[in-house]
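Participant: Sharing a structure with you now.
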Amino acid sequence: MTDKFKSYFSKISLYLFLVILLLLSLIPFYLMIINGTHKSFDIVTKLNLFPGHNLSENYETLQSHVNIWQGFLNSLCIAVPFTILSGYFGALTAYGFAKYHFPGEKILFSIVLASMMLPPQLSIIGFYQLNLKLKLLNSYFPFILPGIANATTVFFMRGMIEQGIPDSIMEAARLEGCSEFKIFNRIVLPCVMPGVATMCIFNFVSCWNNYLGPLIIMTESKKYTLPVMIAMIKGLYLSNYGAMYLAIAISIVPIIIVYAFCSKFIINGLTAGSEK
């Protein structure tokens with residue numbers, strides 16, 4: 001009876017702990033949504049736990065400063081192609097490093113690893129000059145094309161392909177007359193899809209939250225992404241915090257949807273190698 005009581009007590013304690021963690025995780029999102037319905041004065045002077053009556057006023061103020069839905073569309077036009085390119089070409093590059101051996105392989109992979117250690121702010125001047133010479137300023141291509149060479153995706157997928165794809169499967173496919181690209185698209189890619197989906201989620205969130213790049217490359221306000229437009233709501237002498245909280249709440253909707261429906265891919269992708 002005592003052991004049974006201890007077992008029940010441990011389960012209840014575990015569930016209680018998880019519920020507390022869940023509440024702590026949801027509190028910032030709840031307060032953000034609640035503050036989006038209050039005036040700036042109420043947000044600054046007190047803690048608001050219940051919805052206010054200024055939602056429509058804050059939305060009108062938000063739309064008077066920026067076209068938030070245009071920024072939403074601009075961010076989608078950048079984040080979605082970038083995510084697709086980074087997932088596919090990252091896995092393709094990782095497949096080459098994992099399964100093919102050629103002169104200079106280790107040097108090239110070391111360059112890939114070294115590029116992960118460089119902060120994006122360090123290369124922003126060269127990034128701007130490159131796009132200036134290529135006449136790509138004020139366009140989406142400077143943010144979409146780098147998805148073809150995403151070092152983090154290559155590093156993550158290389159280890160997964162090395163451990164999860166036996167060479168015997170590739171040899172059997174070659175004996176059947178499959179080309180190298182057909183082997184990758186028909187055999188390798190479906191097997192490592194949990195890992196690809198995991199990196200796509202992380203890349204989407206990273207691209208969606210990118211602020212510095214669009215701020216420097218974009219010169220037309222109608223092409224600004226959502227993070228840049230949210231920053232524009234803040235005035236020089238007066239800030240409407242209600243409108244800012246409302247804009248932030250709108251901006252995180254895609255991120256919440258992605259994590260809500262794709263969290264199983266994150267778990268499967270991160271634990272795929274632990275089954276070996």
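Simple scheme: letters A, B, ... for chains in structure tokens order, numbers from 1 for residues in each chain, numbers from 1 for ligands in the order shown.
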Just list the residues in segment 157-256 of chain A DSSP gives alpha helix (DSSP H) on the backbone, as a ChimeraX atom specification.
Facilitator: /A:157-164,167-175,180-183,189-191,193-208,212-217,226-233,241-251,253-256
Participant: Please provide the set of residues having any atom within 7 Å of segment 47-49 of chain A, restricted to only C-alpha atoms, with same-chain residues fewer than 5 positions apart removed, written as number ranges by chain.
Facilitator: A: 31, 34-35
Participant: Which is closer to Ala151 of chain A than all the others in A:Phe41, A:Phe109, A:Tyr30, A:Phe202, using only C-alpha atoms?
Facilitator: A:Phe109
Participant: Within 9 Å of segment 76-93 of chain A, counting only C-alpha atoms, which residues show up once you throw out same-chain ones fewer than 3 positions away? Write them as a PyMOL selection string, please.
Facilitator: chain A and resi 71-73+96-98+140-141+143-158+161+181+184+189+192+195-197+199-208+225
